[in-house]
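query-v2.csv, holding CSV, C-alpha atoms and all ligand atoms:
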chain,number,residue,atom,x,y,z
A,1,MET,CA,31.1,116.2,73.5
A,2,ALA,CA,32.8,115.4,70.1
A,3,GLU,CA,33.2,118.3,67.8
A,4,LEU,CA,32.3,117.3,64.3
A,5,PRO,CA,32.6,119.5,61.3
A,6,SER,CA,29.3,121.1,60.6
A,7,PRO,CA,28.2,119.8,57.2
A,8,ALA,CA,26.0,121.8,54.9
A,9,TRP,CA,22.7,120.1,55.9
A,10,ARG,CA,20.2,119.4,53.2
A,11,ARG,CA,17.0,121.6,53.5
A,12,ALA,CA,14.8,119.7,51.1
A,13,ASP,CA,14.5,116.6,49.1
A,14,ARG,CA,16.2,116.3,45.8
A,15,ALA,CA,14.0,117.5,42.9
A,16,ALA,CA,11.7,114.7,41.7
A,17,GLU,CA,13.0,115.2,38.1
A,18,ALA,CA,16.6,114.5,39.2
A,19,ALA,CA,18.1,111.8,37.0
A,20,PRO,CA,17.2,108.4,38.3
A,21,ALA,CA,20.1,106.3,39.4
A,22,ALA,CA,21.7,104.1,36.7
A,23,CYS,CA,21.4,100.6,38.0
A,24,ASP,CA,24.4,99.1,36.3
A,25,THR,CA,26.7,99.4,39.3
A,26,PRO,CA,26.2,98.3,43.0
A,27,GLU,CA,26.1,102.0,44.0
A,28,GLY,CA,23.4,102.6,41.4
A,29,VAL,CA,21.3,99.8,42.7
A,30,LEU,CA,21.8,101.0,46.3
A,31,ALA,CA,20.7,104.5,45.3
A,32,ALA,CA,17.6,103.3,43.4
A,33,LEU,CA,16.6,101.1,46.4
A,34,LEU,CA,17.0,104.0,48.8
A,35,ASP,CA,14.9,106.2,46.5
A,36,SER,CA,12.2,103.5,46.5
A,37,VAL,CA,11.7,103.4,50.3
A,38,GLU,CA,8.3,105.0,50.7
A,39,GLY,CA,7.4,107.5,53.3
A,40,GLY,CA,4.3,106.9,55.5
A,41,GLU,CA,3.5,110.3,57.0
A,42,LEU,CA,0.1,110.4,55.3
A,43,HIS,CA,-0.8,106.7,55.4
A,44,VAL,CA,-4.4,105.7,55.7
A,45,ARG,CA,-5.2,104.5,59.2
A,46,PRO,CA,-7.7,101.6,59.5
A,47,LEU,CA,-9.1,103.0,62.7
A,48,ARG,CA,-12.1,100.8,63.1
A,49,ALA,CA,-10.0,97.6,63.2
A,50,LEU,CA,-7.5,99.3,65.5
A,51,LEU,CA,-9.9,100.7,68.0
A,52,ASP,CA,-12.0,97.5,68.2
A,53,SER,CA,-8.9,95.5,69.2
A,54,GLY,CA,-7.6,94.7,72.7
A,55,ARG,CA,-6.4,97.6,74.7
A,56,PHE,CA,-7.4,100.1,72.1
A,57,ALA,CA,-11.1,99.3,72.5
A,58,ARG,CA,-10.8,100.9,76.0
A,59,PHE,CA,-8.7,103.7,74.5
A,60,ALA,CA,-11.5,104.5,72.1
A,61,GLU,CA,-14.2,104.4,74.8
A,62,ILE,CA,-12.3,106.8,77.1
A,63,GLY,CA,-11.3,109.0,74.1
A,64,LEU,CA,-15.0,109.4,73.1
A,65,ALA,CA,-16.0,110.3,76.6
A,66,LEU,CA,-13.2,112.9,76.7
A,67,ARG,CA,-14.1,114.2,73.3
A,68,ARG,CA,-17.8,114.6,74.2
A,69,ALA,CA,-16.9,116.7,77.2
A,70,PHE,CA,-14.5,118.8,75.1
A,71,ARG,CA,-17.1,119.4,72.4
A,72,ASP,CA,-19.9,120.5,74.9
A,73,PRO,CA,-19.3,124.1,75.9
A,74,ALA,CA,-21.4,123.5,79.0
A,75,ARG,CA,-18.9,120.8,80.2
A,76,ARG,CA,-15.8,122.8,79.2
A,77,ASP,CA,-14.8,123.7,82.8
A,78,TYR,CA,-15.1,120.1,83.8
A,79,PHE,CA,-13.1,118.9,80.8
A,80,LEU,CA,-10.3,121.3,81.5
A,81,SER,CA,-10.3,120.5,85.2
A,82,ARG,CA,-9.7,116.8,84.3
A,83,LEU,CA,-6.8,117.5,82.1
A,84,ARG,CA,-5.1,120.1,84.4
A,85,PRO,CA,-3.5,117.6,86.8
A,86,HIS,CA,-1.9,115.7,83.9
A,87,LEU,CA,-0.3,118.5,81.7
A,88,ARG,CA,3.0,116.7,81.6
A,89,TYR,CA,1.3,114.0,79.6
A,90,VAL,CA,-0.5,116.2,77.1
A,91,ILE,CA,1.5,116.6,73.8
A,92,GLY,CA,0.6,120.1,72.6
A,93,LEU,CA,-2.3,122.0,74.1
A,94,LEU,CA,-5.1,119.5,73.8
A,95,PRO,CA,-4.8,115.7,73.1
A,96,ALA,CA,-4.4,114.8,69.5
A,97,SER,CA,-7.1,112.1,69.3
A,98,ILE,CA,-10.0,114.3,70.3
A,99,GLN,CA,-9.3,117.0,67.7
A,100,ARG,CA,-11.1,117.2,64.4
A,101,HIS,CA,-8.6,115.1,62.5
A,102,GLY,CA,-7.8,112.9,65.5
A,103,MET,CA,-7.7,109.1,65.7
A,104,LEU,CA,-11.2,108.6,67.1
A,105,PRO,CA,-14.2,107.4,65.0
A,106,PRO,CA,-17.4,109.6,64.7
A,107,GLU,CA,-20.1,109.1,67.4
A,108,PRO,CA,-23.3,107.2,66.5
A,109,ALA,CA,-26.2,109.6,65.8
A,110,VAL,CA,-27.9,108.2,69.0
A,111,LEU,CA,-25.6,107.6,71.9
A,112,PRO,CA,-26.1,104.3,73.7
A,113,PRO,CA,-27.5,104.7,77.2
A,114,ASP,CA,-24.5,103.0,78.7
A,115,ALA,CA,-21.9,105.1,76.9
A,116,LEU,CA,-19.0,105.8,79.2
A,117,GLN,CA,-19.0,109.3,80.8
A,118,LEU,CA,-15.8,111.1,81.6
A,119,GLU,CA,-16.9,111.2,85.3
A,120,GLN,CA,-16.5,107.4,85.3
A,121,VAL,CA,-12.9,107.5,84.2
A,122,SER,CA,-10.4,107.6,87.0
A,123,ASP,CA,-7.4,110.0,87.1
A,124,ALA,CA,-5.0,107.0,86.7
A,125,GLU,CA,-6.9,105.8,83.6
A,126,LEU,CA,-7.0,109.3,82.1
A,127,ARG,CA,-3.2,109.7,82.6
A,128,GLN,CA,-2.5,106.4,80.9
A,129,TRP,CA,-4.9,107.4,78.1
A,130,LEU,CA,-2.9,110.6,77.6
A,131,VAL,CA,0.3,108.6,77.4
A,132,ASP,CA,-1.2,106.3,74.8
A,133,ASP,CA,-2.6,109.3,72.9
A,134,GLY,CA,0.9,110.7,72.5
A,135,SER,CA,2.4,107.4,71.6
A,136,LEU,CA,0.0,106.8,68.8
A,137,ILE,CA,0.8,110.0,66.9
A,138,TYR,CA,2.6,109.2,63.7
A,139,GLY,CA,5.5,111.2,62.3
A,140,GLU,CA,8.7,110.5,60.5
A,141,PHE,CA,11.7,112.3,59.1
A,142,GLN,CA,11.5,113.5,55.5
A,143,ARG,CA,13.9,111.8,53.2
A,144,TYR,CA,16.4,114.6,53.2
A,145,GLU,CA,16.3,114.7,57.1
A,146,LEU,CA,17.0,111.0,57.1
A,147,GLU,CA,19.9,111.5,54.7
A,148,ASN,CA,21.2,114.2,57.1
A,149,TYR,CA,20.8,111.9,60.0
A,150,PHE,CA,22.7,109.1,58.3
A,151,ASP,CA,25.6,111.5,57.5
A,152,ALA,CA,25.5,112.7,61.1
A,153,ILE,CA,25.6,109.3,62.7
A,154,ALA,CA,27.9,107.5,60.2
A,155,PRO,CA,31.1,108.7,61.9
A,156,TYR,CA,30.0,106.9,65.1
A,157,VAL,CA,28.9,103.6,63.4
A,158,ALA,CA,31.3,100.7,63.3
A,159,PRO,CA,30.6,98.1,60.6
A,160,GLY,CA,28.6,95.1,61.9
A,161,GLY,CA,26.3,95.4,64.9
A,162,GLU,CA,22.6,95.9,65.1
A,163,MET,CA,20.5,99.0,64.6
A,164,MET,CA,17.1,99.1,66.4
A,165,ASP,CA,14.2,101.5,65.8
A,166,LEU,CA,12.0,101.5,68.8
A,167,GLY,CA,8.6,102.5,67.5
A,168,SER,CA,9.4,101.8,63.9
A,169,GLY,CA,6.1,102.6,62.3
A,170,LEU,CA,6.0,101.8,58.6
A,171,GLY,CA,9.7,100.8,58.7
A,172,LYS,CA,11.2,103.6,56.6
A,173,VAL,CA,14.1,104.2,59.0
A,174,VAL,CA,14.9,100.5,59.4
A,175,MET,CA,14.9,99.8,55.7
A,176,SER,CA,16.8,103.0,54.8
A,177,ALA,CA,19.4,102.3,57.5
A,178,ALA,CA,19.9,98.8,56.3
A,179,LEU,CA,20.7,100.3,52.9
A,180,ALA,CA,22.8,103.3,53.9
A,181,LEU,CA,24.8,102.1,56.9
A,182,PRO,CA,27.1,99.1,57.4
A,183,PHE,CA,25.0,97.4,60.1
A,184,ALA,CA,24.8,93.6,60.1
A,185,ARG,CA,21.1,93.8,61.0
A,186,CYS,CA,18.5,96.5,61.3
A,187,THR,CA,15.4,95.7,63.5
A,188,GLY,CA,12.2,97.6,63.9
A,189,VAL,CA,9.8,97.2,66.8
A,190,GLU,CA,6.3,98.5,66.4
A,191,LEU,CA,3.3,98.3,68.8
A,192,LEU,CA,0.4,98.8,66.4
A,193,PRO,CA,-0.5,95.7,64.4
A,194,TYR,CA,-1.7,97.6,61.3
A,195,ARG,CA,1.6,99.7,61.2
A,196,HIS,CA,3.6,96.5,61.5
A,197,ALA,CA,1.6,94.9,58.7
A,198,MET,CA,2.2,97.9,56.5
A,199,ALA,CA,5.9,97.8,57.3
A,200,MET,CA,6.0,94.1,56.3
A,201,GLU,CA,4.4,94.9,53.0
A,202,ARG,CA,6.9,97.6,52.3
A,203,ARG,CA,9.8,95.3,53.3
A,204,ALA,CA,8.5,92.7,50.8
A,205,GLN,CA,8.3,95.3,48.1
A,206,LEU,CA,11.8,96.5,48.8
A,207,LEU,CA,13.2,92.9,48.7
A,208,ALA,CA,11.4,92.2,45.4
A,209,ARG,CA,12.8,95.4,43.9
A,210,ALA,CA,16.3,94.5,45.2
A,211,ALA,CA,16.0,91.0,43.6
A,212,GLY,CA,15.1,92.5,40.3
A,213,LEU,CA,17.9,95.1,40.2
A,214,LEU,CA,20.5,92.6,41.4
A,215,ALA,CA,19.3,90.2,38.7
A,216,GLY,CA,20.0,93.0,36.2
A,217,LEU,CA,23.4,93.6,37.7
A,218,ALA,CA,24.2,89.9,37.2
A,219,GLN,CA,24.0,90.3,33.4
A,220,PRO,CA,26.0,89.1,31.5
A,221,ALA,CA,27.9,87.5,34.4
A,222,PRO,CA,27.2,87.7,38.2
A,223,PRO,CA,29.7,90.0,40.0
A,224,SER,CA,31.6,88.6,42.9
A,225,PRO,CA,29.8,89.2,46.3
A,226,ASP,CA,33.1,90.7,47.4
A,227,VAL,CA,33.0,93.5,44.9
A,228,PRO,CA,33.3,96.8,46.8
A,229,LEU,CA,30.3,99.0,47.4
A,230,ALA,CA,30.7,102.6,48.6
A,231,LEU,CA,28.0,103.6,51.1
A,232,PRO,CA,26.3,107.0,50.6
A,233,SER,CA,27.3,108.5,54.0
A,234,GLY,CA,30.9,107.3,53.7
A,235,GLY,CA,32.4,103.9,54.5
A,236,ALA,CA,32.7,100.9,52.4
A,237,ALA,CA,30.9,97.5,52.2
A,238,THR,CA,30.8,94.8,49.6
A,239,LEU,CA,28.0,93.7,47.4
A,240,ARG,CA,27.0,91.2,50.2
A,241,HIS,CA,25.4,94.3,51.8
A,242,LEU,CA,22.7,94.1,49.2
A,243,LEU,CA,22.7,90.4,48.5
A,244,GLU,CA,22.0,89.7,52.2
A,245,LEU,CA,19.3,92.5,52.5
A,246,GLU,CA,16.6,90.1,53.5
A,247,ALA,CA,18.5,88.7,56.5
A,248,ARG,CA,19.6,92.2,57.4
A,249,ILE,CA,16.1,93.7,57.8
A,250,ALA,CA,13.9,92.4,60.7
A,251,LEU,CA,10.5,93.9,61.8
A,252,ARG,CA,8.7,92.9,64.9
A,253,GLU,CA,5.2,93.6,66.2
A,254,GLN,CA,6.0,94.2,69.9
A,255,ASN,CA,5.9,96.8,72.7
A,256,MET,CA,9.3,98.4,72.8
A,257,PHE,CA,9.4,98.1,76.6
A,258,GLU,CA,9.4,94.3,76.1
A,259,ALA,CA,12.0,94.3,73.2
A,260,ASP,CA,15.3,92.6,73.7
A,261,VAL,CA,17.8,95.3,73.1
A,262,SER,CA,20.8,93.5,74.5
A,263,ARG,CA,22.6,93.1,71.2
A,264,ALA,CA,22.0,96.6,69.8
A,265,SER,CA,24.8,98.9,68.7
A,266,LEU,CA,22.5,101.9,67.8
A,267,VAL,CA,19.0,102.5,69.1
A,268,PHE,CA,17.0,105.1,67.1
A,269,ILE,CA,13.9,106.6,68.7
A,270,TYR,CA,11.8,109.2,67.0
A,271,SER,CA,10.8,110.3,70.5
A,272,THR,CA,9.1,113.7,69.6
A,273,CYS,CA,5.8,112.5,71.0
A,274,PHE,CA,7.2,110.3,73.8
A,275,ALA,CA,7.7,113.0,76.5
A,276,PRO,CA,6.0,111.0,79.2
A,277,LEU,CA,7.9,107.8,78.2
A,278,MET,CA,11.4,109.3,78.2
A,279,ASP,CA,12.3,108.4,81.8
A,280,ALA,CA,11.0,104.8,81.5
A,281,LEU,CA,12.9,104.4,78.2
A,282,ALA,CA,16.1,105.8,79.7
A,283,ASP,CA,15.7,103.3,82.6
A,284,LYS,CA,15.2,100.3,80.3
A,285,LEU,CA,18.0,101.2,78.0
A,286,ALA,CA,20.4,101.9,80.9
A,287,ARG,CA,19.7,98.5,82.3
A,288,GLU,CA,19.7,96.5,79.1
A,289,LEU,CA,22.0,98.0,76.5
A,290,PRO,CA,25.5,96.8,76.1
A,291,GLN,CA,28.3,99.2,77.0
A,292,GLY,CA,29.2,101.5,74.1
A,293,CYS,CA,25.8,101.2,72.4
A,294,LEU,CA,24.7,104.5,70.7
A,295,VAL,CA,21.2,105.9,71.3
A,296,SER,CA,19.7,108.7,69.3
A,297,CYS,CA,16.5,110.4,70.1
A,298,THR,CA,14.6,113.5,69.0
A,299,THR,CA,13.2,116.5,70.8
A,300,PHE,CA,13.6,115.2,74.4
A,301,PRO,CA,17.0,114.5,75.9
A,302,LEU,CA,17.8,111.1,77.6
A,303,SER,CA,19.0,112.5,80.9
A,304,HIS,CA,20.4,109.5,82.8
A,305,PRO,CA,23.9,109.0,84.2
A,306,ALA,CA,24.4,105.9,82.1
A,307,PHE,CA,24.4,107.9,78.9
A,308,ARG,CA,27.1,110.3,77.7
A,309,LEU,CA,26.0,113.0,75.2
A,310,LEU,CA,28.1,112.7,72.1
A,311,HIS,CA,26.4,115.2,70.1
A,312,HIS,CA,23.4,117.5,70.1
A,313,PHE,CA,22.2,118.6,66.6
A,314,PRO,CA,19.9,121.6,67.2
A,315,SER,CA,16.5,121.9,65.4
A,316,ASN,CA,16.8,122.9,61.8
A,317,SER,CA,20.2,121.4,61.4
A,318,VAL,CA,19.8,117.6,60.8
A,319,ALA,CA,16.1,117.8,61.0
A,320,TRP,CA,13.2,120.1,61.9
A,321,THR,CA,13.5,119.0,65.5
A,322,SER,CA,16.7,118.5,67.6
A,323,VAL,CA,18.5,115.2,67.5
A,324,PHE,CA,20.6,113.9,70.4
A,325,VAL,CA,23.2,111.2,70.1
A,326,TYR,CA,24.3,109.4,73.3
A,327,GLN,CA,26.6,106.5,74.2
A,328,ARG,CA,25.8,103.9,76.9
A,329,ILE,CA,28.7,104.2,79.3
A,330,GLY,CA,29.4,103.5,83.0
A,331,ALA,CA,27.2,102.0,85.6
A,332,ALA,CA,23.4,101.8,85.3
A,333,ASP,CA,22.9,101.8,89.1
A,334,GLY,CA,23.1,104.7,91.4
A,335,PRO,CA,20.6,107.3,92.5
A,336,PRO,CA,17.5,107.5,90.3
A,337,PRO,CA,17.8,110.5,88.0
A,338,SER,CA,15.4,113.3,88.5
A,339,PRO,CA,12.6,113.5,86.0
A,340,ALA,CA,14.3,114.4,82.8
A,341,TYR,CA,11.9,115.5,80.2
A,342,LEU,CA,10.9,118.6,82.2
A,343,TYR,CA,7.7,118.9,80.2
A,344,ALA,CA,5.6,120.8,82.7
A,345,PRO,CA,3.7,123.8,81.3
A,346,ASP,CA,2.4,126.4,83.7
A,347,PRO,CA,-1.2,125.4,84.4
A,348,ASP,CA,-2.7,128.9,84.2
A,349,GLU,CA,-0.9,129.7,81.0
A,350,TRP,CA,-2.0,126.3,79.6
A,351,GLU,CA,-5.6,126.9,80.6
A,352,ALA,CA,-5.8,130.3,79.0
A,353,SER,CA,-4.4,128.9,75.7
A,354,ALA,CA,-6.6,125.8,75.9
A,355,ARG,CA,-9.7,127.9,76.4
A,356,ALA,CA,-8.7,130.0,73.3
A,357,GLU,CA,-8.3,126.7,71.4
A,358,CYS,CA,-11.7,125.5,72.5
A,359,ALA,CA,-13.3,128.8,71.5
A,360,ALA,CA,-11.7,128.5,68.0
A,361,TYR,CA,-13.0,124.9,67.8
A,362,ASP,CA,-16.6,126.2,68.7
A,363,ALA,CA,-16.3,128.9,66.1
A,364,ALA,CA,-15.1,126.7,63.2
B,401,LIG,C1,6.7,109.1,65.6
B,401,LIG,S1,6.4,107.4,65.0
B,401,LIG,C2,8.0,107.1,64.3
B,401,LIG,C3,8.1,106.0,63.3
B,401,LIG,C4,9.5,105.7,62.8
B,401,LIG,N1,10.4,105.4,63.9
B,401,LIG,C5,10.1,106.8,62.0
B,401,LIG,O1,10.9,107.6,62.5
B,401,LIG,O2,9.8,106.9,60.8
B,401,LIG,C6,6.4,106.5,66.5
B,401,LIG,C7,5.9,105.1,66.4
B,401,LIG,O3,6.1,104.5,67.6
B,401,LIG,C8,5.0,103.6,67.8
B,401,LIG,N2,4.9,103.3,69.3
B,401,LIG,C9,4.4,104.0,70.2
B,401,LIG,N3,4.5,103.4,71.4
B,401,LIG,C10,5.1,102.3,71.2
B,401,LIG,C11,5.6,101.2,72.1
B,401,LIG,N4,5.3,101.2,73.4
B,401,LIG,N5,6.2,100.2,71.5
B,401,LIG,C12,6.5,100.1,70.1
B,401,LIG,N6,6.1,101.1,69.3
B,401,LIG,C13,5.4,102.2,69.8
B,401,LIG,C14,3.8,104.3,67.2
B,401,LIG,O4,2.8,103.4,66.9
B,401,LIG,C15,4.5,105.0,66.0
B,401,LIG,O5,4.3,104.1,64.9

Can you turn what I pasted into structure tokens?
Amino acid sequence: MAELPSPAWRRADRAAEAAPAACDTPEGVLAALLDSVEGGELHVRPLRALLDSGRFARFAEIGLALRRAFRDPARRDYFLSRLRPHLRYVIGLLPASIQRHGMLPPEPAVLPPDALQLEQVSDAELRQWLVDDGSLIYGEFQRYELENYFDAIAPYVAPGGEMMDLGSGLGKVVMSAALALPFARCTGVELLPYRHAMAMERRAQLLARAAGLLAGLAQPAPPSPDVPLALPSGGAATLRHLLELEARIALREQNMFEADVSRASLVFIYSTCFAPLMDALADKLARELPQGCLVSCTTFPLSHPAFRLLHHFPSNSVAWTSVFVYQRIGAADGPPPSPAYLYAPDPDEWEASARAECAAYDAA
């Protein structure tokens, strides 16, 4: 594992009143654009449209059946007994969607007679539902965590190449990486149509802002595209880095398991809610990534012989959660690795805590 000097990690965002970047240099324009990339942690989720669509219509139906069983104290034992065989797939104590602020819509006042009952949901369907429930949770690095991450990864990044964010949400990492790091292209792959659409809007806003600031920079005479540009995490580029921003940021609405990763040089995965997906992801990446490609993920390691751990940044260093950086190296074949995420709570301890959580829910 490479020993890097331990930088003084940032612990918070810069004060809002910090002087805005002066936009009369390429570095100033870059800083202003980075500042303008919006966070999406608290974005409004158009649930109705999401849950009425395709595979998520069934997700909503099963979720409502599960939530009714959870909310009814008389059915609590049955509810817990259905979850118990699938604890490896539950993120936290109880699934996110069924909780008070979860993804599911309110029930109608009168339940239709044909409303799905939990008893009609098979174990296999419930397990898949739990996987989807974890995948749909939204979270992202705060700006200062992203800055830490770029500082951490920059020593490994060679200019050129393609960065990919698998599960790119509202596109904050993709757009910020295209600004801060010397990639030829940064690509985001997002499953949910509404998140992809919001990311596309944010991309358009960023490009419009870039066009305006670059037009200002071109007064009284346009600078040469070859004028040097110092990147914030170290390394040098030229003004082309900003002039070609549109071609350097790509966003796709796609399932990451179907994404072409064969030209990637860094794959970023905010995998904190992807515990049940880690082995399948490791398998895909081992088979499809080019040799030497970097992979970084959060919270859960990528334990597969095709990946060498370059660095582990423990929680509360780069970010609130741990960050792993790997390199794709060696053969992808060989004996299948044992399950890597080791996310298997003790069932009795889980049940005691889950009952306490249910009681707190009843009392609220
Ligand atoms: C924790 S968020 C991270 C967003 C972004 N990468 C960031 O760090 O700011 C994970 C995202 O992955 C998306 N996602 C979940 N499963 C996916 C899949 N199979 N393919 C593509 N995206 C997926 C979710 O919709 C969500 O937007």

Would you mind listing what lies within 12 Å of A:Gly216 as a tab-separated table (two decimals) with C-alpha atoms, in the coordinates of the input, with all atoms listed in the file counted and same-chain residues fewer than 2 positions away left out?
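Below is the file that was written, out10.tsv:
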chain	number	residue	atom	x	y	z
A	22	ALA	CA	21.70	104.10	36.70
A	23	CYS	CA	21.40	100.60	38.00
A	24	ASP	CA	24.40	99.10	36.30
A	25	THR	CA	26.70	99.40	39.30
A	26	PRO	CA	26.20	98.30	43.00
A	28	GLY	CA	23.40	102.60	41.40
A	29	VAL	CA	21.30	99.80	42.70
A	209	ARG	CA	12.80	95.40	43.90
A	210	ALA	CA	16.30	94.50	45.20
A	211	ALA	CA	16.00	91.00	43.60
A	212	GLY	CA	15.10	92.50	40.30
A	213	LEU	CA	17.90	95.10	40.20
A	214	LEU	CA	20.50	92.60	41.40
A	218	ALA	CA	24.20	89.90	37.20
A	219	GLN	CA	24.00	90.30	33.40
A	220	PRO	CA	26.00	89.10	31.50
A	221	ALA	CA	27.90	87.50	34.40
A	222	PRO	CA	27.20	87.70	38.20
A	223	PRO	CA	29.70	90.00	40.00

Legend entry - Long-range neighbours of A:Tyr156 as a list in words, 12 Å cut-off, only C-alpha atoms, 6 positions minimum in chain: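 Contacts, with the query itself left out: Ala2, Leu4, Tyr149, Phe150, Leu181, Pro182, Phe183, Ser233, Gly234, Gly235, Ser265, Leu266, Gly292, Cys293, Leu294, Val295, Ser296, Leu310, His311, Val325, Tyr326 and Gln327 of chain A.
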
Inset, instruction - Write out as a PyMOL selection string each polymer residue (protein, DNA or RNA) that has an atom no more than 7 Å from ligand LIG 401 (chain B), with all atoms listed in the file counted. - result: chain A and resi 135-141+165-173+189-192+195+254-257+269-273

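Distances here use all atoms listed in the file; by that measure, the residue among A:Val131, A:Asp35, A:Met200, A:Ile249 closest to A:Met278 is A:Val131.
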
Inset, instruction - Would you list the contacts of A:Leu302 as JSON, numbers by chain, taking every protein, DNA or RNA residue within 12 Å and counting all atoms listed in the file, but skipping same-chain residues closer than 3 positions in sequence? - result: {"A": [269, 271, 274, 275, 276, 277, 278, 279, 280, 281, 282, 283, 284, 285, 286, 294, 295, 296, 297, 298, 299, 305, 306, 307, 308, 309, 310, 312, 323, 324, 325, 326, 327, 328, 337, 338, 339, 340, 341, 342]}

Can you spit out the residues from that selection as a PDB file, in the coordinates of the input, using C-alpha atoms?
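And here's out_5.pdb as it stands now:
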ATOM      1  CA  ILE A 269      13.900 106.600  68.700  1.00  0.00           C
ATOM      2  CA  SER A 271      10.800 110.300  70.500  1.00  0.00           C
ATOM      3  CA  PHE A 274       7.200 110.300  73.800  1.00  0.00           C
ATOM      4  CA  ALA A 275       7.700 113.000  76.500  1.00  0.00           C
ATOM      5  CA  PRO A 276       6.000 111.000  79.200  1.00  0.00           C
ATOM      6  CA  LEU A 277       7.900 107.800  78.200  1.00  0.00           C
ATOM      7  CA  MET A 278      11.400 109.300  78.200  1.00  0.00           C
ATOM      8  CA  ASP A 279      12.300 108.400  81.800  1.00  0.00           C
ATOM      9  CA  ALA A 280      11.000 104.800  81.500  1.00  0.00           C
ATOM     10  CA  LEU A 281      12.900 104.400  78.200  1.00  0.00           C
ATOM     11  CA  ALA A 282      16.100 105.800  79.700  1.00  0.00           C
ATOM     12  CA  ASP A 283      15.700 103.300  82.600  1.00  0.00           C
ATOM     13  CA  LYS A 284      15.200 100.300  80.300  1.00  0.00           C
ATOM     14  CA  LEU A 285      18.000 101.200  78.000  1.00  0.00           C
ATOM     15  CA  ALA A 286      20.400 101.900  80.900  1.00  0.00           C
ATOM     16  CA  LEU A 294      24.700 104.500  70.700  1.00  0.00           C
ATOM     17  CA  VAL A 295      21.200 105.900  71.300  1.00  0.00           C
ATOM     18  CA  SER A 296      19.700 108.700  69.300  1.00  0.00           C
ATOM     19  CA  CYS A 297      16.500 110.400  70.100  1.00  0.00           C
ATOM     20  CA  THR A 298      14.600 113.500  69.000  1.00  0.00           C
ATOM     21  CA  THR A 299      13.200 116.500  70.800  1.00  0.00           C
ATOM     22  CA  PRO A 305      23.900 109.000  84.200  1.00  0.00           C
ATOM     23  CA  ALA A 306      24.400 105.900  82.100  1.00  0.00           C
ATOM     24  CA  PHE A 307      24.400 107.900  78.900  1.00  0.00           C
ATOM     25  CA  ARG A 308      27.100 110.300  77.700  1.00  0.00           C
ATOM     26  CA  LEU A 309      26.000 113.000  75.200  1.00  0.00           C
ATOM     27  CA  LEU A 310      28.100 112.700  72.100  1.00  0.00           C
ATOM     28  CA  HIS A 312      23.400 117.500  70.100  1.00  0.00           C
ATOM     29  CA  VAL A 323      18.500 115.200  67.500  1.00  0.00           C
ATOM     30  CA  PHE A 324      20.600 113.900  70.400  1.00  0.00           C
ATOM     31  CA  VAL A 325      23.200 111.200  70.100  1.00  0.00           C
ATOM     32  CA  TYR A 326      24.300 109.400  73.300  1.00  0.00           C
ATOM     33  CA  GLN A 327      26.600 106.500  74.200  1.00  0.00           C
ATOM     34  CA  ARG A 328      25.800 103.900  76.900  1.00  0.00           C
ATOM     35  CA  PRO A 337      17.800 110.500  88.000  1.00  0.00           C
ATOM     36  CA  SER A 338      15.400 113.300  88.500  1.00  0.00           C
ATOM     37  CA  PRO A 339      12.600 113.500  86.000  1.00  0.00           C
ATOM     38  CA  ALA A 340      14.300 114.400  82.800  1.00  0.00           C
ATOM     39  CA  TYR A 341      11.900 115.500  80.200  1.00  0.00           C
ATOM     40  CA  LEU A 342      10.900 118.600  82.200  1.00  0.00           C
TER      41      LEU A 342
END

Inset, instruction - For the point (-5.7, 116.5, 69.9) in the file's frame, write as a VMD selection string all residues with an atom no more than 12 Å away, counting only C-alpha atoms. - result: chain A and resid 63 66 to 67 70 90 to 104 130 133 to 134 136 to 137 354 357 to 358 361

Legend entry - d(atom CA of A:Ala12, atom CA of A:Leu42) in Å: 17.9 Å

Inset, instruction - Rounded to one decimal place, report the atom CA of A:Gly330-atom CA of A:Ala264 distance in Å. - result: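 Atom-to-atom, atom CA of A:Gly330 and atom CA of A:Ala264 are spaced 16.6 Å apart.
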